[in-house]
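*Asks:* Quick one: structure below, then a few questions.
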Amino acid sequence: MILGLTSSTAAVGVAIADDGKLLAHHHGVTDRRHAEELTPMLTAALSEAGIGIADIDRFAADIGPGRFTGLRVGLATARALALAVGRPVVGISSLELLAAGQEHRPVTAVIDARRNEVFQQSFLADGSSTDALVGPPAELVEAVVDDAVVVGDGADRYVELYGSAVEPGCQPSAKELVLLAADRPALPGRDVEPLYLRHPDVQVNIRTRHT
């Protein structure tokens, strides 16, 4: 039994699967209310599946890259739940989740990183992938692999650069997360780290901060 949480982008979701069978899936889109949206979805998914947290064998979390606040909300929730019932956590990147379900063809996943940048990674039909990158889309578009479909809110925002290869409206899915997590190694929650790719937008300058 796997419970998965996604919240590193505008897409927020919760899914529960048992031995590959989807028992519940709730999905929404928000700009800044990740915590407010995630908790009711979690409650509704557990109720729909007819189970409690103690019935979950492992948790899965979208570890980013994406929005710092949303990413932390989802991962912290997964860690807390896992700690409460003594279960492990599987972490999977939002870029890989975007590419999931596109088997047998290359996919380039592009997430809006704000500051006129994107997070980008390509996944090839043979199961290999390129390195995850962050930078201006005008530069990273050159790294899109041949014949790839391009997905994600970054591709939607900069469709004039990525062109006709864009398949619009694709978002990381908790449904794909719980299916992928079944075959991935699980770790203690404290050992599952977020994938940031760059520093937060707001940082404290320790050298100049008054104490």
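A note on labels: chains of the structure tokens are A, B, ... as shown, every chain counts residues from 1, and ligands are counted from 1 in their shown order.
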I'd like to know which residues of chain A are alpha helix (DSSP H) (by DSSP, run on the backbone); could you write them as a VMD selection string?
*Replies:* chain A and resid 34 to 49 68 to 85 94 to 99 137 to 140 153 to 157 159 to 162 174 to 181
*Asks:* Just the residues within 7 Å of Ala10 of chain A, please, counting only C-alpha atoms, with nothing from its chain fewer than 4 positions along; format it as a ChimeraX atom specification.
*Replies:* /A:29-31
*Asks:* Restricting the output to N, CA, C and O atoms, write the selected residues as an mmCIF file, in the first residue's frame.
*Replies:*
```cif
data_model
loop_
_atom_site.group_PDB
_atom_site.id
_atom_site.type_symbol
_atom_site.label_atom_id
_atom_site.label_comp_id
_atom_site.auth_asym_id
_atom_site.auth_seq_id
_atom_site.Cartn_x
_atom_site.Cartn_y
_atom_site.Cartn_z
ATOM 1 N N VAL A 29 -4.979 22.441 -8.596
ATOM 2 C CA VAL A 29 -3.967 23.411 -9.007
ATOM 3 C C VAL A 29 -4.095 24.635 -8.110
ATOM 4 O O VAL A 29 -5.199 25.125 -7.867
ATOM 5 N N THR A 30 -2.973 25.103 -7.588
ATOM 6 C CA THR A 30 -2.982 26.270 -6.709
ATOM 7 C C THR A 30 -1.737 27.101 -6.964
ATOM 8 O O THR A 30 -0.735 26.597 -7.482
ATOM 9 N N ASP A 31 -1.806 28.366 -6.581
ATOM 10 C CA ASP A 31 -0.637 29.217 -6.759
ATOM 11 C C ASP A 31 0.221 29.240 -5.496
ATOM 12 O O ASP A 31 1.418 28.986 -5.552
#
```
*Asks:* Write out as JSON, numbers by chain each polymer residue whose atoms come within 8 Å of segment 178-181 of chain A, counting only C-alpha atoms; drop sequence neighbours fewer than 4 positions from it.
*Replies:* {"A": [2, 3, 4, 15, 16, 17, 20, 60, 90, 91, 92, 174, 185]}
*Asks:* Would you mind exporting N, CA and C atoms of the selected residues as a compact mmCIF listing (two decimals), in the first residue's frame?
*Replies:*
```txt
# COMPACT_ATOMS: atom_id res chain seq x y z
N ILE A 2 0.71 2.10 -1.00
CA ILE A 2 1.57 3.28 -1.15
C ILE A 2 0.71 4.54 -1.19
N LEU A 3 1.13 5.56 -0.45
CA LEU A 3 0.48 6.86 -0.49
C LEU A 3 1.48 7.86 -1.04
N GLY A 4 1.09 8.61 -2.08
CA GLY A 4 1.99 9.57 -2.70
C GLY A 4 1.46 10.99 -2.63
N ALA A 15 -2.44 10.42 -3.98
CA ALA A 15 -2.92 9.16 -4.56
C ALA A 15 -2.55 8.01 -3.65
N ILE A 16 -3.36 6.97 -3.69
CA ILE A 16 -3.11 5.74 -2.93
C ILE A 16 -3.27 4.57 -3.88
N ALA A 17 -2.30 3.66 -3.84
CA ALA A 17 -2.35 2.46 -4.67
C ALA A 17 -2.00 1.25 -3.83
N GLY A 20 -0.29 -1.97 -7.24
CA GLY A 20 -0.46 -1.47 -8.59
C GLY A 20 -1.87 -1.04 -8.95
N ALA A 60 5.40 8.08 -0.69
CA ALA A 60 6.16 8.59 -1.82
C ALA A 60 5.97 10.10 -1.90
N VAL A 90 9.80 7.03 -0.45
CA VAL A 90 10.42 7.02 -1.77
C VAL A 90 10.35 8.44 -2.33
N GLY A 91 11.46 8.97 -2.80
CA GLY A 91 11.47 10.30 -3.42
C GLY A 91 11.68 10.19 -4.92
N ILE A 92 10.86 10.88 -5.68
CA ILE A 92 10.95 10.87 -7.15
C ILE A 92 10.83 12.32 -7.64
N ALA A 174 0.28 12.62 -8.89
CA ALA A 174 0.41 11.70 -7.76
C ALA A 174 0.08 10.27 -8.19
N PRO A 185 13.72 2.03 -4.48
CA PRO A 185 14.20 1.86 -3.11
C PRO A 185 13.62 2.91 -2.19
```
*Asks:* Between atom CA of Gly64 of chain A and atom CA of Pro194 of chain A, what distance in Å does the model show, to one decimal?
*Replies:* 6.2 Å
*Asks:* Could you find all residues in chain A that DSSP calls strand (DSSP E or B) from the backbone, and write them as a PyMOL selection string?
*Replies:* chain A and resi 2-6+11-18+21-29+58-62+89-92+107-114+117-123+129+133-135+149-151+166+187
*Asks:* For a quick check of understanding, using only C-alpha atoms, which of A:Pro172, A:Gly52, A:Pro40, A:Gly154 has the smallest distance to Ser8 of chain A?
*Replies:*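 The shortest atom-to-atom distance to Ser8 of chain A comes from A:Pro172.
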*Asks:* Would you mind reading off the distance between atom CA of Val150 of chain A and atom CA of Pro168 of chain A, one decimal, in Å?
*Replies:* 8.4 Å
*Asks:* Find the residues near Thr6 of chain A: any atom within 7 Å, counting only C-alpha atoms, skip ones fewer than 2 places away on the same chain, and give them as a PyMOL selection string.
*Replies:* chain A and resi 4+8+12-14+61-62+74+173-174
*Asks:* Identify, on the basis of only C-alpha atoms, every residue whose closest approach to segment 120-127 of chain A does not exceed 10 Å; exclude the query and any residue fewer than 5 positions from it along the same chain; express the result as a PyMOL selection string.
*Replies:* chain A and resi 65+95-96+98-100+102-113+132-135+137+140-141+143-146+148-152+154-155
*Asks:* Kindly indicate which residue among A:Thr9, A:Ala182, A:His26, A:Met1 lies nearest to Ile51 of chain A, using only C-alpha atoms for the distances.
*Replies:* A:Met1
*Asks:* So how many Å separate atom CA of Glu176 of chain A and atom CA of Leu97 of chain A, to one decimal?
*Replies:*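 Distance reported for this atom pair: 6.4 Å.
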*Asks:* Between A:Leu187, A:Met41, A:Ala11, A:Leu195, single out the one closest to Pro88 of chain A, counting only C-alpha atoms.
*Replies:*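 Nearest candidate to Pro88 of chain A out of A:Leu187, A:Met41, A:Ala11, A:Leu195: A:Leu187.
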